[in-house]
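> This is start12.cif, which holds mmCIF, C-alpha atoms and all ligand atoms:
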```cif
data_data
loop_
_atom_site.label_atom_id
_atom_site.label_comp_id
_atom_site.auth_asym_id
_atom_site.auth_seq_id
_atom_site.Cartn_x
_atom_site.Cartn_y
_atom_site.Cartn_z
CA MET A 1 82.37 132.63 104.33
CA PHE A 2 85.47 130.52 105.08
CA PRO A 3 86.28 129.99 108.77
CA ARG A 4 89.32 131.92 110.00
CA THR A 5 91.32 128.76 110.81
CA PHE A 6 90.85 127.49 107.24
CA LEU A 7 92.13 130.78 105.79
CA LYS A 8 95.12 130.70 108.18
CA THR A 9 95.98 127.18 106.99
CA ILE A 10 95.79 128.23 103.33
CA SER A 11 97.98 131.26 104.02
CA ALA A 12 100.57 129.09 105.82
CA GLN A 13 100.58 126.66 102.91
CA GLN A 14 101.07 129.50 100.43
CA GLN A 15 104.00 130.77 102.47
CA THR A 16 105.54 127.29 102.46
CA ILE A 17 105.15 127.08 98.68
CA ARG A 18 106.65 130.56 98.26
CA HIS A 19 109.54 129.56 100.54
CA LEU A 20 110.15 126.41 98.51
CA CYS A 21 110.03 128.34 95.22
CA ASN A 22 112.43 131.01 96.53
CA ASN A 23 114.76 128.31 97.74
CA HIS A 24 114.60 126.73 94.32
CA TRP A 25 115.58 129.88 92.44
CA GLN A 26 118.25 130.86 94.98
CA ASN A 27 119.84 127.48 94.42
CA GLY A 28 119.92 127.86 90.66
CA GLY A 29 116.93 125.63 89.99
CA GLY A 30 118.43 122.25 89.27
CA ALA A 31 120.32 119.34 90.72
CA LYS A 32 124.06 119.19 90.13
CA SER A 33 124.77 116.75 87.32
CA GLU A 34 128.61 116.51 87.31
CA ASN A 35 130.38 114.37 89.91
CA PRO A 36 127.30 114.03 92.15
CA THR A 37 127.16 112.70 95.69
CA ILE A 38 124.32 110.17 95.76
CA LEU A 39 122.31 108.89 98.72
CA ILE A 40 120.75 105.44 98.25
CA THR A 41 117.95 104.74 100.75
CA GLY A 42 117.12 101.06 101.24
CA GLY A 43 120.79 100.57 100.44
CA LEU A 44 120.98 97.10 102.01
CA GLY A 45 118.08 95.63 100.03
CA GLN A 46 118.04 93.40 96.96
CA LEU A 47 118.55 96.35 94.61
CA GLY A 48 120.36 98.68 97.00
CA VAL A 49 123.56 96.68 97.54
CA GLU A 50 124.15 96.08 93.82
CA CYS A 51 123.05 99.60 92.89
CA GLY A 52 125.63 100.91 95.37
CA LYS A 53 128.36 98.79 93.77
CA LEU A 54 127.49 99.97 90.26
CA LEU A 55 127.28 103.66 91.14
CA ARG A 56 130.50 103.45 93.19
CA SER A 57 132.31 101.94 90.20
CA GLN A 58 131.18 104.96 88.21
CA TYR A 59 131.31 107.90 90.65
CA GLY A 60 133.77 106.68 93.31
CA ALA A 61 133.21 104.84 96.61
CA LYS A 62 133.01 107.94 98.81
CA LYS A 63 130.43 109.65 96.59
CA ILE A 64 127.81 106.95 97.14
CA ILE A 65 126.18 106.86 100.58
CA LEU A 66 124.11 103.86 101.54
CA SER A 67 121.41 104.16 104.19
CA ASP A 68 119.05 101.63 105.70
CA ILE A 69 117.71 100.43 109.05
CA ARG A 70 119.57 97.11 108.95
CA GLU A 71 122.87 96.16 110.50
CA PRO A 72 125.47 96.27 107.74
CA SER A 73 128.01 93.50 107.16
CA ASN A 74 131.72 94.26 107.51
CA ALA A 75 132.01 94.10 103.73
CA ILE A 76 129.40 96.85 103.38
CA LEU A 77 131.14 99.04 105.98
CA GLN A 78 134.49 98.60 104.26
CA ALA A 79 133.11 99.37 100.79
CA GLY A 80 132.06 102.98 101.52
CA PRO A 81 129.87 105.28 103.64
CA TYR A 82 126.85 103.76 105.38
CA HIS A 83 124.32 105.57 107.61
CA PHE A 84 121.66 103.95 109.77
CA VAL A 85 118.66 106.21 109.16
CA ASP A 86 114.95 105.51 109.20
CA ILE A 87 112.99 106.80 106.22
CA LEU A 88 110.36 107.89 108.74
CA ASP A 89 112.83 110.25 110.44
CA PRO A 90 112.91 113.46 108.34
CA LYS A 91 115.51 115.22 110.51
CA GLY A 92 117.82 112.20 110.41
CA LEU A 93 117.53 112.09 106.63
CA GLU A 94 118.13 115.82 106.37
CA LYS A 95 121.28 115.52 108.48
CA VAL A 96 122.71 112.89 106.13
CA VAL A 97 121.88 115.06 103.12
CA VAL A 98 123.37 118.23 104.62
CA ASP A 99 126.43 116.66 106.25
CA ASN A 100 127.39 114.88 103.04
CA LYS A 101 126.30 117.57 100.56
CA VAL A 102 124.10 115.09 98.74
CA ASP A 103 123.10 115.99 95.15
CA TRP A 104 120.89 113.07 94.12
CA ILE A 105 118.74 110.56 96.00
CA VAL A 106 117.99 107.05 94.75
CA HIS A 107 115.08 106.14 96.99
CA LEU A 108 114.84 102.34 97.32
CA SER A 109 113.42 101.93 100.84
CA ALA A 110 110.09 100.15 100.61
CA THR A 111 107.83 97.41 101.89
CA LEU A 112 107.17 95.12 98.91
CA SER A 113 103.84 93.75 97.67
CA ALA A 114 103.39 90.49 99.60
CA LYS A 115 104.83 91.81 102.87
CA GLY A 116 102.69 94.95 102.49
CA GLU A 117 99.46 92.94 102.37
CA LEU A 118 100.48 91.25 105.64
CA ASP A 119 101.16 94.58 107.39
CA ILE A 120 99.23 97.39 105.73
CA PRO A 121 100.01 100.06 108.38
CA LEU A 122 103.74 99.37 107.99
CA ALA A 123 103.56 99.56 104.18
CA THR A 124 101.55 102.79 104.40
CA LYS A 125 104.14 104.35 106.68
CA VAL A 126 107.26 103.20 104.84
CA ASN A 127 105.96 103.67 101.29
CA ILE A 128 103.73 106.74 101.61
CA GLN A 129 105.07 108.69 104.59
CA GLY A 130 108.62 107.70 103.60
CA MET A 131 108.06 108.96 100.05
CA HIS A 132 106.59 112.17 101.42
CA ASN A 133 109.66 112.76 103.64
CA ILE A 134 112.02 112.09 100.75
CA ILE A 135 110.28 114.28 98.21
CA GLU A 136 110.09 117.22 100.63
CA LEU A 137 113.80 116.87 101.28
CA ALA A 138 114.64 116.56 97.58
CA ASN A 139 112.52 119.58 96.79
CA HIS A 140 113.93 121.72 99.59
CA TYR A 141 117.56 121.06 98.63
CA LYS A 142 116.84 120.79 94.88
CA LEU A 143 118.16 117.25 94.56
CA ARG A 144 117.61 114.95 91.62
CA LEU A 145 115.31 112.19 92.85
CA PHE A 146 114.97 108.70 91.40
CA VAL A 147 112.16 106.48 92.75
CA PRO A 148 111.39 103.07 91.24
CA SER A 149 107.81 102.18 90.53
CA THR A 150 106.69 98.71 89.54
CA ILE A 151 104.39 96.47 87.54
CA GLY A 152 102.46 96.51 90.85
CA ALA A 153 101.30 100.07 90.06
CA PHE A 154 98.77 98.48 87.69
CA GLY A 155 95.69 96.47 88.58
CA PRO A 156 92.97 94.24 87.15
CA ASP A 157 91.40 97.11 85.16
CA SER A 158 94.65 97.86 83.28
CA PRO A 159 95.27 96.24 79.87
CA ARG A 160 97.63 93.33 80.62
CA ASN A 161 99.32 92.54 77.33
CA PRO A 162 100.79 94.96 76.59
CA THR A 163 100.32 97.50 79.39
CA PRO A 164 100.87 101.01 77.96
CA ASN A 165 102.86 103.76 79.68
CA ILE A 166 99.69 105.77 80.21
CA THR A 167 96.63 103.71 81.09
CA VAL A 168 94.16 102.93 83.86
CA GLN A 169 95.96 102.37 87.20
CA ARG A 170 93.72 100.91 89.88
CA PRO A 171 96.03 98.58 91.87
CA ARG A 172 94.52 96.38 94.58
CA THR A 173 97.52 96.24 96.92
CA ILE A 174 98.75 98.85 99.38
CA TYR A 175 102.14 98.52 97.63
CA GLY A 176 100.55 99.42 94.28
CA VAL A 177 98.52 102.26 95.76
CA SER A 178 101.66 103.71 97.37
CA LYS A 179 103.57 103.46 94.07
CA VAL A 180 100.82 105.27 92.14
CA TYR A 181 100.97 107.92 94.87
CA ALA A 182 104.76 108.18 94.42
CA GLU A 183 104.43 108.49 90.63
CA LEU A 184 101.75 111.19 90.84
CA LEU A 185 103.43 113.12 93.67
CA GLY A 186 106.73 113.11 91.76
CA GLU A 187 105.10 114.34 88.56
CA TYR A 188 103.22 117.00 90.50
CA TYR A 189 106.37 118.29 92.24
CA HIS A 190 108.14 118.32 88.88
CA HIS A 191 105.44 120.46 87.27
CA LYS A 192 104.85 122.65 90.32
CA PHE A 193 108.40 123.13 91.63
CA ASN A 194 110.60 121.94 88.77
CA LEU A 195 111.85 119.03 90.91
CA ASP A 196 114.04 116.73 88.81
CA PHE A 197 111.98 113.63 89.61
CA ARG A 198 112.65 110.43 87.63
CA CYS A 199 110.84 107.12 87.90
CA LEU A 200 110.96 103.77 86.10
CA ARG A 201 108.26 101.13 86.41
CA LEU A 202 110.36 98.02 86.99
CA PRO A 203 109.35 94.42 86.29
CA GLY A 204 110.14 91.78 88.95
CA VAL A 205 113.92 91.88 89.42
CA VAL A 206 115.84 88.59 89.24
CA SER A 207 119.21 88.46 91.03
CA CYS A 208 121.04 85.96 93.18
CA ASP A 209 120.67 88.15 96.30
CA LEU A 210 117.74 87.18 98.45
CA PRO A 211 114.53 89.15 97.80
CA GLY A 212 112.57 91.25 100.29
CA GLY A 213 108.95 89.99 100.38
CA GLY A 214 107.56 90.46 96.87
CA THR A 215 105.19 88.47 94.70
CA THR A 216 107.89 87.80 92.10
CA ASP A 217 110.35 86.31 94.65
CA TYR A 218 109.66 82.78 93.36
CA ALA A 219 111.86 83.47 90.34
CA ILE A 220 114.87 83.92 92.65
CA ASP A 221 113.92 81.25 95.19
CA MET A 222 113.66 78.62 92.44
CA PHE A 223 117.34 78.97 91.48
CA HIS A 224 118.48 78.72 95.10
CA SER A 225 116.27 75.69 95.76
CA ALA A 226 117.39 73.97 92.54
CA MET A 227 120.96 74.24 93.70
CA THR A 228 120.60 73.50 97.42
CA LYS A 229 117.66 71.04 97.53
CA GLY A 230 116.79 69.88 94.02
CA THR A 231 113.08 70.67 94.56
CA TYR A 232 110.92 73.77 94.80
CA GLU A 233 107.32 74.28 95.92
CA CYS A 234 105.96 77.26 94.01
CA TYR A 235 103.28 79.56 95.46
CA LEU A 236 102.02 80.67 92.03
CA THR A 237 100.24 78.49 89.45
CA PRO A 238 102.35 77.05 86.60
CA LYS A 239 101.26 79.52 83.91
CA THR A 240 101.19 82.78 85.94
CA THR A 241 103.03 85.17 83.65
CA VAL A 242 104.52 88.51 84.74
CA PRO A 243 107.28 90.77 83.38
CA MET A 244 110.77 90.20 84.81
CA ILE A 245 114.21 91.77 84.34
CA TYR A 246 117.73 90.62 85.22
CA ILE A 247 119.38 92.87 87.81
CA THR A 248 122.25 93.94 85.54
CA ASP A 249 119.75 95.32 83.02
CA CYS A 250 117.63 96.87 85.77
CA LEU A 251 120.55 98.74 87.33
CA ARG A 252 121.89 99.76 83.92
CA ALA A 253 118.45 101.24 83.17
CA ILE A 254 118.49 103.21 86.43
CA ASN A 255 122.08 104.34 85.87
CA GLU A 256 121.38 105.45 82.29
CA PHE A 257 118.06 107.08 83.10
CA LEU A 258 119.62 109.07 85.97
CA VAL A 259 121.82 110.99 83.54
CA VAL A 260 119.52 111.41 80.54
CA PRO A 261 119.51 115.15 79.76
CA THR A 262 116.33 116.62 81.14
CA ASP A 263 115.16 118.01 77.77
CA THR A 264 115.29 114.48 76.28
CA ILE A 265 112.78 113.17 78.79
CA GLN A 266 109.22 113.46 77.55
CA ARG A 267 107.83 111.90 80.74
CA ARG A 268 108.91 111.55 84.35
CA VAL A 269 107.63 107.95 84.62
CA TYR A 270 108.50 105.23 82.09
CA ASN A 271 107.67 101.54 81.73
CA ILE A 272 110.67 99.34 81.00
CA HIS A 273 110.41 95.73 79.82
CA ALA A 274 112.89 92.88 79.35
CA MET A 275 111.15 89.47 79.36
CA SER A 276 108.01 87.67 80.58
CA PHE A 277 107.83 84.09 81.81
CA HIS A 278 105.90 81.78 84.13
CA PRO A 279 106.99 79.29 86.83
CA GLU A 280 106.58 76.22 84.60
CA GLY A 281 108.71 77.79 81.85
CA LEU A 282 111.39 78.80 84.34
CA ALA A 283 111.48 75.32 85.90
CA LYS A 284 111.91 73.72 82.44
CA GLU A 285 114.82 76.03 81.60
CA ILE A 286 116.49 75.35 84.97
CA GLN A 287 116.15 71.60 84.27
CA ASN A 288 118.54 72.09 81.34
CA TYR A 289 121.19 72.76 84.02
CA TYR A 290 119.80 70.58 86.83
CA PRO A 291 117.98 67.69 85.06
CA ALA A 292 116.81 66.15 88.36
CA PHE A 293 115.22 69.39 89.55
CA GLU A 294 111.52 68.98 90.42
CA ILE A 295 108.85 71.64 90.88
CA THR A 296 105.56 71.26 92.76
CA TYR A 297 102.79 73.82 93.24
CA LYS A 298 100.92 74.96 96.35
CA THR A 299 99.14 78.21 95.60
CA ASP A 300 99.26 81.08 98.08
CA PRO A 301 95.93 82.89 97.50
CA ILE A 302 97.31 86.33 98.46
CA ARG A 303 100.27 86.29 96.08
CA GLN A 304 98.28 84.54 93.34
CA GLU A 305 95.61 87.24 93.41
CA ILE A 306 98.29 89.93 93.27
CA ALA A 307 100.12 88.34 90.31
CA ASP A 308 96.84 87.78 88.44
CA SER A 309 96.14 91.52 88.64
CA TRP A 310 99.53 92.55 87.23
CA PRO A 311 100.62 93.07 83.62
CA GLU A 312 101.92 90.17 81.52
CA VAL A 313 103.93 92.45 79.24
CA LEU A 314 104.87 96.11 79.75
CA ASP A 315 104.86 98.32 76.68
CA ASP A 316 108.19 100.18 76.91
CA THR A 317 108.09 101.79 73.45
CA GLU A 318 108.39 105.26 74.93
CA ALA A 319 111.50 104.47 77.01
CA ARG A 320 113.13 102.93 73.91
CA LYS A 321 112.26 105.95 71.77
CA ASP A 322 112.99 108.77 74.24
CA TRP A 323 116.22 107.64 75.92
CA GLY A 324 117.32 104.49 74.15
CA TRP A 325 116.30 101.80 76.65
CA ASN A 326 117.29 98.36 75.35
CA PRO A 327 117.58 95.25 77.54
CA LYS A 328 120.58 92.95 77.02
CA TYR A 329 119.38 89.91 78.98
CA ASP A 330 116.69 87.74 77.43
CA PHE A 331 115.14 84.76 79.26
CA LYS A 332 117.81 82.18 78.29
CA LYS A 333 120.74 84.47 79.03
CA MET A 334 119.20 85.43 82.39
CA VAL A 335 118.79 81.75 83.41
CA GLN A 336 122.32 80.82 82.36
CA THR A 337 123.75 83.80 84.27
CA MET A 338 121.66 83.08 87.37
CA VAL A 339 122.77 79.43 87.46
CA ASP A 340 126.41 80.60 87.36
CA GLN A 341 125.90 83.39 89.89
CA VAL A 342 124.01 81.27 92.42
CA LYS A 343 126.92 78.76 92.33
CA VAL A 344 129.35 81.60 93.09
CA PHE A 345 126.99 82.79 95.90
CA TYR A 346 127.33 79.41 97.67
CA ASP A 347 130.97 78.80 96.71
CA GLU A 348 131.98 82.09 98.34
CA GLU A 349 130.28 81.22 101.62
CA PRO A 350 129.41 77.49 101.82
CA GLN A 351 127.49 77.94 105.11
CA ARG A 352 124.79 79.74 103.09
CA ALA A 353 123.88 76.43 101.45
CA LYS A 354 123.33 74.81 104.86
CA VAL A 355 121.07 77.70 105.95
CA ALA A 356 119.08 77.42 102.72
CA GLN A 357 118.36 73.71 103.31
N1 LIG B 1 112.94 93.77 93.63
C1 LIG B 1 112.00 93.91 92.71
O1 LIG B 1 111.60 92.95 92.05
C2 LIG B 1 111.43 95.26 92.43
C3 LIG B 1 110.61 95.44 91.31
C4 LIG B 1 110.04 96.66 91.08
C5 LIG B 1 110.31 97.73 91.92
N2 LIG B 1 111.12 97.53 92.99
C6 LIG B 1 111.35 98.66 93.87
O2 LIG B 1 112.74 98.82 94.09
C7 LIG B 1 112.97 99.29 95.41
C8 LIG B 1 113.95 98.38 96.11
O3 LIG B 1 113.37 97.09 96.18
P1 LIG B 1 114.17 95.86 96.78
O4 LIG B 1 113.75 94.67 96.02
O5 LIG B 1 115.62 96.17 96.92
O6 LIG B 1 113.48 95.77 98.21
P2 LIG B 1 114.10 95.15 99.56
O7 LIG B 1 112.94 94.79 100.41
O8 LIG B 1 115.10 94.09 99.25
O9 LIG B 1 114.86 96.39 100.15
C9 LIG B 1 114.17 97.48 100.71
C10 LIG B 1 115.04 98.05 101.81
O10 LIG B 1 114.30 99.10 102.44
C11 LIG B 1 114.67 99.07 103.79
N3 LIG B 1 113.67 99.71 104.63
C12 LIG B 1 112.46 99.22 105.01
N4 LIG B 1 111.88 100.05 105.87
C13 LIG B 1 112.71 101.10 106.04
C14 LIG B 1 112.68 102.28 106.83
N5 LIG B 1 111.66 102.54 107.65
N6 LIG B 1 113.72 103.14 106.75
C15 LIG B 1 114.77 102.88 105.93
N7 LIG B 1 114.87 101.76 105.19
C16 LIG B 1 113.86 100.88 105.24
C17 LIG B 1 114.77 97.59 104.14
O11 LIG B 1 115.54 97.37 105.31
C18 LIG B 1 115.41 97.03 102.88
O12 LIG B 1 116.81 96.91 103.00
C19 LIG B 1 111.59 99.37 96.07
O13 LIG B 1 111.08 100.68 95.97
C20 LIG B 1 110.74 98.46 95.24
O14 LIG B 1 109.41 98.84 95.25
C21 LIG B 1 111.68 96.33 93.27
C1 LIG B 2 107.38 93.40 91.23
C2 LIG B 2 108.03 94.06 92.39
O1 LIG B 2 107.50 95.31 92.64
C3 LIG B 2 108.34 93.26 93.60
N1 LIG B 2 109.29 92.23 93.27
C4 LIG B 2 107.13 92.62 94.23
O2 LIG B 2 106.79 91.52 93.83
O3 LIG B 2 106.54 93.18 95.09
#
```
What would the structure in this file look like if it were written as structure tokens?

Amino acid sequence: MFPRTFLKTISAQQQTIRHLCNNHWQNGGGAKSENPTILITGGLGQLGVECGKLLRSQYGAKKIILSDIREPSNAILQAGPYHFVDILDPKGLEKVVVDNKVDWIVHLSATLSAKGELDIPLATKVNIQGMHNIIELANHYKLRLFVPSTIGAFGPDSPRNPTPNITVQRPRTIYGVSKVYAELLGEYYHHKFNLDFRCLRLPGVVSCDLPGGGTTDYAIDMFHSAMTKGTYECYLTPKTTVPMIYITDCLRAINEFLVVPTDTIQRRVYNIHAMSFHPEGLAKEIQNYYPAFEITYKTDPIRQEIADSWPEVLDDTEARKDWGWNPKYDFKKMVQTMVDQVKVFYDEEPQRAKVAQ
């Protein structure tokens, strides 16, 4: 016999599911795909700011709402709507969605891999509870939901070169565990409730904006150091190879994948790949632009162990076949563009160079 309290809990859960299903059918069972209003959580992060700019250029400034828990610059406030809302505050999130009639959510709030290992309770809250809040909201209001996953969703038991779309996923970081949770929860809600969940496993993203505490940050830091100091001490060993992508390609992938017709998508979670390199190779390429640039190595055991457990090359055959993914930035083009962009970064605001030194 089941205890009475257990049966009551099951009955309450069934009612919730029925309520969610009814809500789904009453709302027509799908997220609006024309002229959507889009909420970007983590909108002031490395990806969020540029993602906001790209989507605003496409859908209009007022249609893209940034949210975060950071103080925005004047430039951000002038560019379009911004809301200070914590991902751990479901009612606050719901208010933004309802007040602005949001159709899609691009959920970028996260604690990244290296920072997560230093504060596991924080990463658990932001990445798991935050994902839970967002998916419930997206399901309740039938919103399209994009959540990035990462090379960090794989671990030492996964094949590393290449890493297939479907394979063993046993990550050894709280970041990776939370991303596998997000992938599986999204797929489950899609199959159970027809939620339009979409997810790309991104390589390390290279851009001139400063990164947020990941294991792949070195690839950005090296450009800034080459320009401001002429030297860089790298926390990974010279030949540590992981997949990377230039931000323009990364955001184009997200933008394109967001609007792929749902019947074209064979999966809800896809690997995408662009290039793979290691610190020594990157330093050599940067020396073509800054011949005096010098790199030294002082390994950080935490980040080294993380990088050693990640893929070297992602197999993105399925993304290429199903929705036409094709990167435009190879390694050389990425380095050339980064050298130019980092110059612009410091030319625009010279005081940044002083801070960096
Ligand atoms: N940058 C990469 O190399 C990379 C690679 C693969 C996947 N991703 C994924 O892309 C997404 C964005 O990454 P990013 O590099 O822009 O990270 P980031 O650290 O630069 O930005 C994350 C943002 O989330 C915000 N945030 C943190 N806690 C929050 C909270 N409680 N409530 C609301 N906002 C909160 C932070 O303030 C920050 O602005 C993440 O999901 C990340 O896992 C990034
Ligand atoms: C790879 C990616 O998920 C992020 N840049 C990190 O290193 O944590």
> Fewer than 6 positions away in the same chain doesn't count, so skip those; otherwise give me all residues within 8 Å of A:Gly176, counting all atoms listed in the file, as a compact mmCIF listing (two decimals) with C-alpha atoms, in the frame of the given file.

```
# COMPACT_ATOMS: atom_id res chain seq x y z
CA SER A 113 103.84 93.75 97.67
CA THR A 150 106.69 98.71 89.54
CA GLY A 152 102.46 96.51 90.85
CA ALA A 153 101.30 100.07 90.06
CA PHE A 154 98.77 98.48 87.69
```
> Grab me every residue within 8 Å of ligand LIG 2 (chain B), counting all atoms listed in the file, and send it over as an mmCIF file with C-alpha atoms, in the coordinates of the input.

```
data_model
loop_
_atom_site.group_PDB
_atom_site.id
_atom_site.type_symbol
_atom_site.label_atom_id
_atom_site.label_comp_id
_atom_site.auth_asym_id
_atom_site.auth_seq_id
_atom_site.Cartn_x
_atom_site.Cartn_y
_atom_site.Cartn_z
ATOM 1 C CA LEU A 112 107.170 95.120 98.910
ATOM 2 C CA SER A 113 103.840 93.750 97.670
ATOM 3 C CA ALA A 114 103.390 90.490 99.600
ATOM 4 C CA SER A 149 107.810 102.180 90.530
ATOM 5 C CA THR A 150 106.690 98.710 89.540
ATOM 6 C CA ILE A 151 104.390 96.470 87.540
ATOM 7 C CA GLY A 152 102.460 96.510 90.850
ATOM 8 C CA TYR A 175 102.140 98.520 97.630
ATOM 9 C CA LEU A 202 110.360 98.020 86.990
ATOM 10 C CA PRO A 203 109.350 94.420 86.290
ATOM 11 C CA GLY A 204 110.140 91.780 88.950
ATOM 12 C CA VAL A 205 113.920 91.880 89.420
ATOM 13 C CA PRO A 211 114.530 89.150 97.800
ATOM 14 C CA GLY A 212 112.570 91.250 100.290
ATOM 15 C CA GLY A 213 108.950 89.990 100.380
ATOM 16 C CA GLY A 214 107.560 90.460 96.870
ATOM 17 C CA THR A 215 105.190 88.470 94.700
ATOM 18 C CA THR A 216 107.890 87.800 92.100
ATOM 19 C CA ASP A 217 110.350 86.310 94.650
ATOM 20 C CA MET A 244 110.770 90.200 84.810
#
```
> For a quick check of understanding, using all atoms listed in the file, which of A:Cys208, A:Leu236, A:Ile265, A:Ile295 has the smallest distance to ligand LIG 1 (chain B)?
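Using all atoms listed in the file, ligand LIG 1 (chain B) sits closest to A:Cys208.
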> Skip A:Gly92 itself and residues of its chain fewer than 3 positions away, then list as a ChimeraX atom specification all residues within 12 Å of it, counting all atoms listed in the file.
/A:67-69,83-89,95-99,133-134,137
> Of the candidates A:Arg267, A:Arg160, A:His273, A:His107, which one gets nearest to ligand LIG 1 (chain B) if we count only C-alpha atoms and all ligand atoms?
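Checking each candidate against ligand LIG 1 (chain B), we get A:His107 as the closest.
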> Output as lines of an AutoDock Vina configuration file the centre and edge lengths (Å, one decimal) of the box along x, y and z of the file that holds every listed atom of ligand LIG 1 (chain B) after adding 5 Å on each side.

```
center_x = 113.1
center_y = 98.0
center_z = 99.4
size_x = 17.4
size_y = 20.2
size_z = 26.6
```
> Between A:Ala274, A:Leu55, A:Leu47, A:Val180, which residue has the minimum interatomic distance to ligand LIG 1 (chain B), considering only C-alpha atoms and all ligand atoms?
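Residue with the minimum atom-to-atom distance to ligand LIG 1 (chain B): A:Leu47.
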> Using Å and a single decimal, report how far atom CA of A:Leu200 sits from atom CA of A:Tyr235.
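Computed distance, atom CA of A:Tyr235 to atom CA of A:Leu200, equals 27.1 Å.
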> Which is closer to ligand LIG 1 (chain B) than all the others in A:Glu50, A:Glu348, A:Asp308, A:Glu280, using only C-alpha atoms and all ligand atoms?
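When distances to ligand LIG 1 (chain B) are compared using only C-alpha atoms and all ligand atoms, the smallest one comes from A:Glu50.
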> Any chance you could build stretch 145-157 of chain A out to N, CA and C atoms and write it as a PDB file, in the frame of the given file?

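Okay, this is what ended up in selection19.pdb:
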```pdb
ATOM      1  N   LEU A 145     115.908 113.285  92.076  1.00  0.00           N
ATOM      2  CA  LEU A 145     115.310 112.190  92.850  1.00  0.00           C
ATOM      3  C   LEU A 145     114.857 111.074  91.916  1.00  0.00           C
ATOM      4  N   PHE A 146     115.445 109.882  92.130  1.00  0.00           N
ATOM      5  CA  PHE A 146     114.970 108.700  91.400  1.00  0.00           C
ATOM      6  C   PHE A 146     114.191 107.806  92.369  1.00  0.00           C
ATOM      7  N   VAL A 147     112.987 107.412  91.958  1.00  0.00           N
ATOM      8  CA  VAL A 147     112.160 106.480  92.750  1.00  0.00           C
ATOM      9  C   VAL A 147     111.678 105.382  91.805  1.00  0.00           C
ATOM     10  N   PRO A 148     111.934 104.109  92.111  1.00  0.00           N
ATOM     11  CA  PRO A 148     111.390 103.070  91.240  1.00  0.00           C
ATOM     12  C   PRO A 148     109.913 102.857  91.491  1.00  0.00           C
ATOM     13  N   SER A 149     109.158 102.707  90.402  1.00  0.00           N
ATOM     14  CA  SER A 149     107.810 102.180  90.530  1.00  0.00           C
ATOM     15  C   SER A 149     107.856 100.725  90.052  1.00  0.00           C
ATOM     16  N   THR A 150     106.756 100.161  89.684  1.00  0.00           N
ATOM     17  CA  THR A 150     106.690  98.710  89.540  1.00  0.00           C
ATOM     18  C   THR A 150     105.503  98.297  88.673  1.00  0.00           C
ATOM     19  N   ILE A 151     105.563  97.070  88.171  1.00  0.00           N
ATOM     20  CA  ILE A 151     104.390  96.470  87.540  1.00  0.00           C
ATOM     21  C   ILE A 151     103.198  96.471  88.515  1.00  0.00           C
ATOM     22  N   GLY A 152     103.505  96.515  89.814  1.00  0.00           N
ATOM     23  CA  GLY A 152     102.460  96.510  90.850  1.00  0.00           C
ATOM     24  C   GLY A 152     101.662  97.802  90.888  1.00  0.00           C
ATOM     25  N   ALA A 153     102.080  98.820  90.111  1.00  0.00           N
ATOM     26  CA  ALA A 153     101.300 100.070  90.060  1.00  0.00           C
ATOM     27  C   ALA A 153     100.095  99.930  89.134  1.00  0.00           C
ATOM     28  N   PHE A 154      99.948  98.747  88.520  1.00  0.00           N
ATOM     29  CA  PHE A 154      98.770  98.480  87.690  1.00  0.00           C
ATOM     30  C   PHE A 154      97.863  97.494  88.432  1.00  0.00           C
ATOM     31  N   GLY A 155      96.646  97.360  87.914  1.00  0.00           N
ATOM     32  CA  GLY A 155      95.690  96.470  88.580  1.00  0.00           C
ATOM     33  C   GLY A 155      94.822  95.766  87.565  1.00  0.00           C
ATOM     34  N   PRO A 156      93.768  95.086  88.044  1.00  0.00           N
ATOM     35  CA  PRO A 156      92.970  94.240  87.150  1.00  0.00           C
ATOM     36  C   PRO A 156      92.244  95.006  86.042  1.00  0.00           C
ATOM     37  N   ASP A 157      92.077  96.342  86.211  1.00  0.00           N
ATOM     38  CA  ASP A 157      91.400  97.110  85.160  1.00  0.00           C
ATOM     39  C   ASP A 157      92.366  97.588  84.070  1.00  0.00           C
TER      40      ASP A 157
END
```
